[in-house]
$ cat final-v6.tsv   # TSV, N, CA and C atoms
chain	number	residue	atom	x	y	z
T	1	MET	N	10.27	-0.32	-47.19
T	1	MET	CA	11.64	0.10	-46.96
T	1	MET	C	12.06	-0.19	-45.52
T	2	VAL	N	11.13	-0.02	-44.57
T	2	VAL	CA	11.44	-0.27	-43.17
T	2	VAL	C	11.81	-1.74	-42.97
T	3	GLY	N	11.08	-2.64	-43.66
T	3	GLY	CA	11.39	-4.07	-43.56
T	3	GLY	C	12.80	-4.38	-44.03
T	4	LEU	N	13.24	-3.73	-45.08
T	4	LEU	CA	14.60	-3.91	-45.58
T	4	LEU	C	15.62	-3.42	-44.55
T	5	LEU	N	15.35	-2.29	-43.93
T	5	LEU	CA	16.26	-1.77	-42.91
T	5	LEU	C	16.32	-2.68	-41.69
T	6	VAL	N	15.16	-3.21	-41.28
T	6	VAL	CA	15.15	-4.15	-40.15
T	6	VAL	C	15.95	-5.40	-40.52
T	7	PHE	N	15.77	-5.89	-41.74
T	7	PHE	CA	16.56	-7.04	-42.18
T	7	PHE	C	18.06	-6.76	-42.08
T	8	LEU	N	18.48	-5.60	-42.54
T	8	LEU	CA	19.91	-5.27	-42.48
T	8	LEU	C	20.40	-5.25	-41.03
T	9	LEU	N	19.56	-4.81	-40.11
T	9	LEU	CA	19.93	-4.84	-38.69
T	9	LEU	C	20.00	-6.27	-38.15
T	10	TRP	N	19.11	-7.13	-38.62
T	10	TRP	CA	19.03	-8.51	-38.13
T	10	TRP	C	19.91	-9.48	-38.90
T	11	SER	N	20.49	-9.06	-40.01
T	11	SER	CA	21.15	-9.98	-40.95
T	11	SER	C	22.34	-10.73	-40.35
T	12	ARG	N	22.93	-10.24	-39.30
T	12	ARG	CA	24.07	-10.94	-38.69
T	12	ARG	C	23.67	-11.91	-37.59
T	13	LEU	N	22.38	-11.95	-37.30
T	13	LEU	CA	21.90	-12.88	-36.28
T	13	LEU	C	21.97	-14.32	-36.80
T	14	PRO	N	22.15	-15.29	-35.91
T	14	PRO	CA	22.02	-16.69	-36.35
T	14	PRO	C	20.60	-16.90	-36.91
T	15	VAL	N	20.49	-17.77	-37.91
T	15	VAL	CA	19.20	-17.99	-38.57
T	15	VAL	C	18.13	-18.40	-37.56
T	16	SER	N	18.49	-19.22	-36.58
T	16	SER	CA	17.50	-19.67	-35.60
T	16	SER	C	16.93	-18.49	-34.80
T	17	ILE	N	17.78	-17.54	-34.42
T	17	ILE	CA	17.32	-16.36	-33.69
T	17	ILE	C	16.49	-15.47	-34.61
T	18	TYR	N	16.93	-15.32	-35.85
T	18	TYR	CA	16.19	-14.53	-36.84
T	18	TYR	C	14.77	-15.08	-36.99
T	19	VAL	N	14.66	-16.41	-37.14
T	19	VAL	CA	13.36	-17.04	-37.32
T	19	VAL	C	12.48	-16.84	-36.08
T	20	LEU	N	13.06	-16.96	-34.91
T	20	LEU	CA	12.30	-16.73	-33.68
T	20	LEU	C	11.80	-15.29	-33.59
T	21	MET	N	12.65	-14.35	-33.96
T	21	MET	CA	12.24	-12.94	-33.94
T	21	MET	C	11.17	-12.67	-35.00
T	22	LEU	N	11.30	-13.30	-36.15
T	22	LEU	CA	10.28	-13.17	-37.20
T	22	LEU	C	8.95	-13.74	-36.70
T	23	ALA	N	8.99	-14.89	-36.05
T	23	ALA	CA	7.77	-15.49	-35.51
T	23	ALA	C	7.13	-14.56	-34.47
T	24	GLY	N	7.95	-13.93	-33.64
T	24	GLY	CA	7.44	-12.97	-32.67
T	24	GLY	C	6.81	-11.77	-33.35
T	25	CYS	N	7.44	-11.30	-34.40
T	25	CYS	CA	6.90	-10.17	-35.17
T	25	CYS	C	5.55	-10.53	-35.78
T	26	VAL	N	5.44	-11.75	-36.29
T	26	VAL	CA	4.18	-12.21	-36.89
T	26	VAL	C	3.09	-12.31	-35.82
T	27	ALA	N	3.41	-12.92	-34.69
T	27	ALA	CA	2.43	-13.06	-33.61
T	27	ALA	C	1.97	-11.68	-33.12
T	28	LEU	N	2.92	-10.80	-32.92
T	28	LEU	CA	2.59	-9.44	-32.50
T	28	LEU	C	1.75	-8.74	-33.57
T	29	GLY	N	2.14	-8.93	-34.83
T	29	GLY	CA	1.44	-8.30	-35.94
T	29	GLY	C	-0.01	-8.74	-36.05
T	30	ILE	N	-0.27	-10.02	-35.84
T	30	ILE	CA	-1.65	-10.52	-35.92
T	30	ILE	C	-2.51	-9.80	-34.90
T	31	ARG	N	-1.97	-9.67	-33.71
T	31	ARG	CA	-2.75	-9.00	-32.64
T	31	ARG	C	-2.87	-7.49	-32.88
T	32	VAL	N	-1.76	-6.84	-33.11
T	32	VAL	CA	-1.74	-5.38	-33.25
T	32	VAL	C	-2.47	-4.93	-34.51
T	33	ALA	N	-2.28	-5.63	-35.62
T	33	ALA	CA	-2.94	-5.23	-36.86
T	33	ALA	C	-4.45	-5.37	-36.73
T	34	GLY	N	-4.89	-6.43	-36.06
T	34	GLY	CA	-6.33	-6.59	-35.85
T	34	GLY	C	-6.92	-5.46	-35.02
T	35	GLU	N	-6.21	-5.08	-33.98
T	35	GLU	CA	-6.68	-3.97	-33.14
T	35	GLU	C	-6.62	-2.64	-33.90
T	36	ALA	N	-5.57	-2.44	-34.68
T	36	ALA	CA	-5.44	-1.21	-35.46
T	36	ALA	C	-6.54	-1.11	-36.51
T	37	GLU	N	-6.89	-2.23	-37.09
T	37	GLU	CA	-7.97	-2.25	-38.08
T	37	GLU	C	-9.27	-1.74	-37.45
T	38	GLN	N	-9.56	-2.18	-36.23
T	38	GLN	CA	-10.76	-1.71	-35.54
T	38	GLN	C	-10.64	-0.22	-35.21
T	39	LEU	N	-9.46	0.20	-34.78
T	39	LEU	CA	-9.23	1.59	-34.43
T	39	LEU	C	-9.43	2.52	-35.64
T	40	PHE	N	-8.85	2.11	-36.78
T	40	PHE	CA	-8.95	2.94	-37.99
T	40	PHE	C	-10.27	2.75	-38.73
T	41	GLY	N	-10.98	1.67	-38.42
T	41	GLY	CA	-12.28	1.44	-39.05
T	41	GLY	C	-12.22	1.04	-40.50
T	42	GLU	N	-11.10	0.50	-40.94
T	42	GLU	CA	-11.01	0.02	-42.33
T	42	GLU	C	-10.04	-1.15	-42.41
T	43	LYS	N	-10.28	-2.02	-43.37
T	43	LYS	CA	-9.46	-3.21	-43.57
T	43	LYS	C	-8.07	-2.81	-44.04
T	44	ASP	N	-7.05	-3.31	-43.36
T	44	ASP	CA	-5.64	-3.08	-43.72
T	44	ASP	C	-5.36	-1.61	-44.04
T	45	ALA	N	-5.66	-0.74	-43.09
T	45	ALA	CA	-5.46	0.70	-43.27
T	45	ALA	C	-3.99	1.01	-43.55
T	46	ALA	N	-3.74	2.07	-44.27
T	46	ALA	CA	-2.39	2.46	-44.68
T	46	ALA	C	-1.40	2.60	-43.52
T	47	PRO	N	-1.81	3.11	-42.35
T	47	PRO	CA	-0.84	3.24	-41.26
T	47	PRO	C	-0.35	1.89	-40.68
T	48	ILE	N	-1.03	0.80	-41.02
T	48	ILE	CA	-0.62	-0.52	-40.53
T	48	ILE	C	0.49	-1.02	-41.44
T	49	VAL	N	1.71	-1.08	-40.92
T	49	VAL	CA	2.85	-1.50	-41.75
T	49	VAL	C	3.59	-2.73	-41.20
T	50	ILE	N	3.16	-3.24	-40.06
T	50	ILE	CA	3.85	-4.40	-39.49
T	50	ILE	C	3.74	-5.61	-40.43
T	51	ASP	N	2.68	-5.66	-41.23
T	51	ASP	CA	2.52	-6.76	-42.19
T	51	ASP	C	3.57	-6.69	-43.29
T	52	GLU	N	3.84	-5.48	-43.79
T	52	GLU	CA	4.88	-5.34	-44.80
T	52	GLU	C	6.26	-5.64	-44.23
T	53	ILE	N	6.50	-5.22	-43.01
T	53	ILE	CA	7.79	-5.50	-42.37
T	53	ILE	C	7.99	-7.00	-42.23
T	54	ALA	N	6.98	-7.69	-41.72
T	54	ALA	CA	7.08	-9.15	-41.56
T	54	ALA	C	7.26	-9.84	-42.91
T	55	GLY	N	6.53	-9.37	-43.92
T	55	GLY	CA	6.66	-9.96	-45.26
T	55	GLY	C	8.07	-9.79	-45.82
T	56	MET	N	8.64	-8.61	-45.63
T	56	MET	CA	10.01	-8.37	-46.10
T	56	MET	C	11.00	-9.23	-45.31
T	57	LEU	N	10.78	-9.35	-44.02
T	57	LEU	CA	11.69	-10.18	-43.21
T	57	LEU	C	11.63	-11.64	-43.65
T	58	LEU	N	10.45	-12.11	-44.05
T	58	LEU	CA	10.36	-13.47	-44.57
T	58	LEU	C	11.06	-13.57	-45.92
T	59	THR	N	10.90	-12.55	-46.74
T	59	THR	CA	11.58	-12.52	-48.05
T	59	THR	C	13.08	-12.73	-47.90
T	60	TYR	N	13.67	-12.10	-46.91
T	60	TYR	CA	15.13	-12.10	-46.75
T	60	TYR	C	15.66	-13.12	-45.74
T	61	CYS	N	14.80	-13.97	-45.20
T	61	CYS	CA	15.23	-14.94	-44.20
T	61	CYS	C	16.32	-15.87	-44.78
T	62	ALA	N	17.48	-15.91	-44.12
T	62	ALA	CA	18.62	-16.75	-44.51
T	62	ALA	C	19.14	-16.43	-45.91
T	63	VAL	N	19.07	-15.16	-46.29
T	63	VAL	CA	19.54	-14.69	-47.59
T	63	VAL	C	20.78	-13.84	-47.37
T	64	PRO	N	21.79	-14.00	-48.23
T	64	PRO	CA	23.00	-13.18	-48.05
T	64	PRO	C	22.72	-11.70	-48.32
T	65	VAL	N	23.45	-10.85	-47.62
T	65	VAL	CA	23.34	-9.40	-47.85
T	65	VAL	C	24.23	-9.08	-49.05
T	66	ALA	N	23.58	-8.93	-50.20
T	66	ALA	CA	24.25	-8.61	-51.46
T	66	ALA	C	23.22	-7.93	-52.36
T	67	TRP	N	23.70	-7.24	-53.38
T	67	TRP	CA	22.80	-6.45	-54.22
T	67	TRP	C	21.73	-7.30	-54.89
T	68	LEU	N	22.09	-8.43	-55.48
T	68	LEU	CA	21.11	-9.23	-56.22
T	68	LEU	C	19.94	-9.67	-55.34
T	69	PRO	N	20.18	-10.33	-54.21
T	69	PRO	CA	19.03	-10.73	-53.40
T	69	PRO	C	18.25	-9.54	-52.82
T	70	LEU	N	18.94	-8.46	-52.49
T	70	LEU	CA	18.23	-7.29	-51.95
T	70	LEU	C	17.29	-6.69	-52.98
T	71	VAL	N	17.75	-6.55	-54.21
T	71	VAL	CA	16.92	-5.97	-55.27
T	71	VAL	C	15.81	-6.92	-55.69
T	72	VAL	N	16.15	-8.18	-55.94
T	72	VAL	CA	15.13	-9.15	-56.35
T	72	VAL	C	14.09	-9.32	-55.25
T	73	GLY	N	14.54	-9.38	-54.00
T	73	GLY	CA	13.61	-9.52	-52.89
T	73	GLY	C	12.68	-8.34	-52.75
T	74	PHE	N	13.23	-7.14	-52.83
T	74	PHE	CA	12.40	-5.94	-52.70
T	74	PHE	C	11.38	-5.85	-53.83
T	75	LEU	N	11.84	-6.01	-55.06
T	75	LEU	CA	10.92	-5.91	-56.20
T	75	LEU	C	9.91	-7.05	-56.20
T	76	GLY	N	10.38	-8.25	-55.87
T	76	GLY	CA	9.48	-9.40	-55.82
T	76	GLY	C	8.41	-9.22	-54.76
T	77	PHE	N	8.82	-8.77	-53.58
T	77	PHE	CA	7.84	-8.57	-52.53
T	77	PHE	C	6.82	-7.51	-52.92
T	78	ARG	N	7.27	-6.39	-53.46
T	78	ARG	CA	6.34	-5.33	-53.86
T	78	ARG	C	5.37	-5.85	-54.93
T	79	PHE	N	5.89	-6.61	-55.89
T	79	PHE	CA	5.04	-7.16	-56.96
T	79	PHE	C	3.94	-8.04	-56.36
T	80	PHE	N	4.33	-9.01	-55.54
T	80	PHE	CA	3.34	-9.94	-54.98
T	80	PHE	C	2.44	-9.27	-53.96
T	81	ASP	N	2.94	-8.26	-53.27
T	81	ASP	CA	2.11	-7.52	-52.31
T	81	ASP	C	1.02	-6.73	-53.03
T	82	ILE	N	1.35	-6.17	-54.18
T	82	ILE	CA	0.39	-5.37	-54.94
T	82	ILE	C	-0.61	-6.25	-55.69
T	83	TYR	N	-0.11	-7.31	-56.35
T	83	TYR	CA	-0.97	-8.12	-57.21
T	83	TYR	C	-1.66	-9.29	-56.50
T	84	LYS	N	-1.33	-9.56	-55.26
T	84	LYS	CA	-2.01	-10.52	-54.40
T	84	LYS	C	-2.41	-11.81	-55.12
T	85	PRO	N	-1.47	-12.72	-55.34
T	85	PRO	CA	-1.79	-13.96	-56.05
T	85	PRO	C	-2.78	-14.87	-55.32
T	86	LEU	N	-2.98	-14.67	-54.04
T	86	LEU	CA	-3.95	-15.45	-53.27
T	86	LEU	C	-4.83	-14.47	-52.47
T	87	PRO	N	-5.73	-13.75	-53.16
T	87	PRO	CA	-6.48	-12.67	-52.52
T	87	PRO	C	-7.39	-13.12	-51.38
T	88	GLN	N	-7.76	-14.40	-51.35
T	88	GLN	CA	-8.63	-14.86	-50.27
T	88	GLN	C	-7.96	-14.79	-48.91
T	89	LEU	N	-6.63	-14.75	-48.86
T	89	LEU	CA	-5.93	-14.59	-47.58
T	89	LEU	C	-6.30	-13.27	-46.93
T	90	GLU	N	-6.42	-12.24	-47.73
T	90	GLU	CA	-6.72	-10.90	-47.22
T	90	GLU	C	-8.12	-10.84	-46.60
T	91	ARG	N	-8.98	-11.77	-46.99
T	91	ARG	CA	-10.35	-11.78	-46.48
T	91	ARG	C	-10.48	-12.48	-45.13
T	92	LEU	N	-9.41	-13.07	-44.63
T	92	LEU	CA	-9.46	-13.70	-43.32
T	92	LEU	C	-9.72	-12.61	-42.27
T	93	PRO	N	-10.31	-12.98	-41.15
T	93	PRO	CA	-10.69	-11.95	-40.17
T	93	PRO	C	-9.50	-11.30	-39.46
T	94	GLY	N	-9.69	-10.00	-39.17
T	94	GLY	CA	-8.76	-9.25	-38.33
T	94	GLY	C	-7.32	-9.28	-38.79
T	95	GLY	N	-6.44	-9.41	-37.80
T	95	GLY	CA	-5.01	-9.38	-38.06
T	95	GLY	C	-4.52	-10.55	-38.91
T	96	TRP	N	-5.27	-11.66	-38.91
T	96	TRP	CA	-4.87	-12.81	-39.73
T	96	TRP	C	-4.82	-12.44	-41.20
T	97	GLY	N	-5.87	-11.81	-41.69
T	97	GLY	CA	-5.92	-11.43	-43.10
T	97	GLY	C	-4.88	-10.38	-43.45
T	98	ILE	N	-4.69	-9.45	-42.55
T	98	ILE	CA	-3.70	-8.39	-42.78
T	98	ILE	C	-2.30	-8.99	-42.90
T	99	MET	N	-1.97	-9.90	-42.00
T	99	MET	CA	-0.62	-10.45	-41.96
T	99	MET	C	-0.38	-11.52	-43.02
T	100	LEU	N	-1.34	-12.44	-43.19
T	100	LEU	CA	-1.07	-13.60	-44.04
T	100	LEU	C	-0.90	-13.27	-45.51
T	101	ASP	N	-1.59	-12.26	-46.01
T	101	ASP	CA	-1.39	-11.94	-47.43
T	101	ASP	C	0.02	-11.39	-47.68
T	102	ASP	N	0.56	-10.64	-46.73
T	102	ASP	CA	1.92	-10.14	-46.89
T	102	ASP	C	2.96	-11.23	-46.62
T	103	LEU	N	2.67	-12.14	-45.73
T	103	LEU	CA	3.59	-13.26	-45.52
T	103	LEU	C	3.63	-14.16	-46.75
T	104	PHE	N	2.50	-14.34	-47.42
T	104	PHE	CA	2.49	-15.12	-48.65
T	104	PHE	C	3.29	-14.41	-49.73
T	105	ALA	N	3.15	-13.09	-49.81
T	105	ALA	CA	3.95	-12.31	-50.76
T	105	ALA	C	5.44	-12.47	-50.43
T	106	GLY	N	5.78	-12.45	-49.14
T	106	GLY	CA	7.16	-12.65	-48.72
T	106	GLY	C	7.68	-14.03	-49.08
T	107	LEU	N	6.84	-15.04	-48.94
T	107	LEU	CA	7.24	-16.41	-49.30
T	107	LEU	C	7.52	-16.51	-50.80
T	108	LEU	N	6.65	-15.95	-51.61
T	108	LEU	CA	6.86	-15.97	-53.06
T	108	LEU	C	8.10	-15.18	-53.46
T	109	ALA	N	8.33	-14.04	-52.81
T	109	ALA	CA	9.53	-13.25	-53.09
T	109	ALA	C	10.78	-14.01	-52.65
T	110	GLN	N	10.70	-14.75	-51.55
T	110	GLN	CA	11.82	-15.58	-51.09
T	110	GLN	C	12.18	-16.62	-52.17
T	111	VAL	N	11.16	-17.22	-52.78
T	111	VAL	CA	11.39	-18.18	-53.87
T	111	VAL	C	12.09	-17.49	-55.03
T	112	CYS	N	11.67	-16.28	-55.37
T	112	CYS	CA	12.32	-15.53	-56.45
T	112	CYS	C	13.78	-15.25	-56.13
T	113	VAL	N	14.06	-14.87	-54.90
T	113	VAL	CA	15.45	-14.61	-54.49
T	113	VAL	C	16.28	-15.89	-54.63
T	114	ARG	N	15.74	-17.00	-54.14
T	114	ARG	CA	16.47	-18.28	-54.21
T	114	ARG	C	16.74	-18.68	-55.66
T	115	LEU	N	15.72	-18.50	-56.53
T	115	LEU	CA	15.93	-18.82	-57.93
T	115	LEU	C	16.99	-17.92	-58.57
T	116	ALA	N	16.95	-16.65	-58.25
T	116	ALA	CA	17.95	-15.71	-58.79
T	116	ALA	C	19.35	-16.12	-58.33
T	117	LEU	N	19.49	-16.50	-57.08
T	117	LEU	CA	20.80	-16.93	-56.57
T	117	LEU	C	21.27	-18.21	-57.25
T	118	ILE	N	20.35	-19.13	-57.51
T	118	ILE	CA	20.71	-20.36	-58.21
T	118	ILE	C	21.16	-20.05	-59.62
T	119	LEU	N	20.43	-19.14	-60.30
T	119	LEU	CA	20.76	-18.79	-61.68
T	119	LEU	C	22.14	-18.16	-61.83
T	120	VAL	N	22.58	-17.43	-60.82
T	120	VAL	CA	23.92	-16.81	-60.90
T	120	VAL	C	24.99	-17.68	-60.22
T	121	GLY	N	24.58	-18.85	-59.77
T	121	GLY	CA	25.56	-19.79	-59.21
T	121	GLY	C	25.94	-19.58	-57.77
T	122	HIS	N	25.07	-19.02	-56.96
T	122	HIS	CA	25.36	-18.85	-55.54
T	122	HIS	C	24.67	-19.93	-54.76
$ encode --input "final-v6.tsv" --output "C-alpha cells"
Amino acid sequence: MVGLLVFLLWSRLPVSIYVLMLAGCVALGIRVAGEAEQLFGEKDAAPIVIDEIAGMLLTYCAVPVAWLPLVVGFLGFRFFDIYKPLPQLERLPGGWGIMLDDLFAGLLAQVCVRLALILVGH
C-alpha cells in the first residue's frame, strides 16, 4: 500500500525524473535491505518493505492515474510477489535477492497493466 501512495505522490513527475528516483530507490534498497537482513538475522524479514515499494513503483512507471491501472497493478504485483514466478532471484545474496524478486514482480505487473490498457483501448 505504501508503494501505491508513493506512486500517487510521484505520478505528476516527468517520466525521466520518476525513473531516476526509482533507480535511486532500487540502489538504496539493495544496500539497506542487505544490511537489514543481517540486522534481523533472516532472509527478507517482514520489516523490510523497500523492495515492495520499489516493485510497486516499477509496476506504475509511466502509467496513468486511473482506477483500471491502479487495481490491475496492485493485484498483479501482489500475485507475482506472492507466487514468485522466478524464485531463483530471491536466492541471490543480500539486498540483491530481496530487491530483484520484487522488481521482477513489478515488471510482470507492469505488463499486466499495459495489456489491460490495450484491451480497453487506452
$ closest_residue --input "final-v6.tsv" --among "T:Pro85, T:Pro64, T:Gly94, T:Gly55" --to "Gly106 in chain T" --atoms "all atoms listed in the file"
T:Gly55
$ closest_residue --input "final-v6.tsv" --among "T:Tyr60, T:Phe40, T:Trp67, T:Phe104" --to "Leu86 in chain T" --atoms "only C-alpha atoms"
T:Phe104
$ residues_around --input "final-v6.tsv" --residues "Gly3 in chain T" --least-positions-apart "6" --cutoff "6.5 Å" --atoms "all atoms listed in the file" --output "VMD selection string"
chain T and resid 52 to 54 56 to 57
$ atom_distance --input "final-v6.tsv" --atom1 "atom N of Val72 in chain T" --atom2 "atom C of Asp101 in chain T"
18.4 Å
$ axis_aligned_box --input "final-v6.tsv" --around "range 1-16 of chain T" --padding-each-side "4 Å" --output "AutoDock Vina command-line options"
--center_x 17.2 --center_y -9.8 --center_z -41.0 --size_x 21.8 --size_y 27.8 --size_z 20.4
$ select_by_dssp --input "final-v6.tsv" --residues "chain T" --states "alpha helix (DSSP H)" --output "PyMOL selection string"
chain T and resi 2-10+15-40+50-59+67-83+94-119
$ atom_distance --input "final-v6.tsv" --atom1 "CA of Ser11 in chain T" --atom2 "CA of Ala62 in chain T"
8.1 Å
$ atom_distance --input "final-v6.tsv" --atom1 "atom N of Val111 in chain T" --atom2 "CA of Thr59 in chain T"
6.7 Å
$ closest_residue --input "final-v6.tsv" --among "T:Leu4, T:Ile48, T:Val32, T:Ala27" --to "Phe74 in chain T" --atoms "only C-alpha atoms"
T:Leu4
$ closest_residue --input "final-v6.tsv" --among "T:Leu9, T:Ala46, T:Ala23, T:Leu108" --to "Phe80 in chain T" --atoms "only N, CA and C atoms"
T:Leu108
$ closest_residue --input "final-v6.tsv" --among "T:Leu100, T:Tyr83, T:Arg91, T:Gly73" --to "Cys112 in chain T" --atoms "all atoms listed in the file"
T:Gly73
$ closest_residue --input "final-v6.tsv" --among "T:Val2, T:Val113, T:Val120, T:Met99" --to "Phe77 in chain T" --atoms "only C-alpha atoms"
T:Val113
$ residues_around --input "final-v6.tsv" --residues "Leu20 in chain T" --least-positions-apart "4" --cutoff "12 Å" --atoms "only C-alpha atoms" --output "number ranges by chain"
T: 10, 13-16, 24-27, 57-58, 61
$ write_last_selection --input "final-v6.tsv" --atoms "N, CA and C atoms" --output "tab-separated table (two decimals), in the coordinates of the input"
chain	number	residue	atom	x	y	z
T	10	TRP	N	19.11	-7.13	-38.62
T	10	TRP	CA	19.03	-8.51	-38.13
T	10	TRP	C	19.91	-9.48	-38.90
T	13	LEU	N	22.38	-11.95	-37.30
T	13	LEU	CA	21.90	-12.88	-36.28
T	13	LEU	C	21.97	-14.32	-36.80
T	14	PRO	N	22.15	-15.29	-35.91
T	14	PRO	CA	22.02	-16.69	-36.35
T	14	PRO	C	20.60	-16.90	-36.91
T	15	VAL	N	20.49	-17.77	-37.91
T	15	VAL	CA	19.20	-17.99	-38.57
T	15	VAL	C	18.13	-18.40	-37.56
T	16	SER	N	18.49	-19.22	-36.58
T	16	SER	CA	17.50	-19.67	-35.60
T	16	SER	C	16.93	-18.49	-34.80
T	24	GLY	N	7.95	-13.93	-33.64
T	24	GLY	CA	7.44	-12.97	-32.67
T	24	GLY	C	6.81	-11.77	-33.35
T	25	CYS	N	7.44	-11.30	-34.40
T	25	CYS	CA	6.90	-10.17	-35.17
T	25	CYS	C	5.55	-10.53	-35.78
T	26	VAL	N	5.44	-11.75	-36.29
T	26	VAL	CA	4.18	-12.21	-36.89
T	26	VAL	C	3.09	-12.31	-35.82
T	27	ALA	N	3.41	-12.92	-34.69
T	27	ALA	CA	2.43	-13.06	-33.61
T	27	ALA	C	1.97	-11.68	-33.12
T	57	LEU	N	10.78	-9.35	-44.02
T	57	LEU	CA	11.69	-10.18	-43.21
T	57	LEU	C	11.63	-11.64	-43.65
T	58	LEU	N	10.45	-12.11	-44.05
T	58	LEU	CA	10.36	-13.47	-44.57
T	58	LEU	C	11.06	-13.57	-45.92
T	61	CYS	N	14.80	-13.97	-45.20
T	61	CYS	CA	15.23	-14.94	-44.20
T	61	CYS	C	16.32	-15.87	-44.78
$ residues_near_point --input "final-v6.tsv" --point "(-4.7, -8.6, -44.8)" --cutoff "12 Å" --atoms "only C-alpha atoms" --output "ChimeraX atom specification"
/T:29-30,33-34,36-37,42-46,48-52,55,81-82,84,86-105
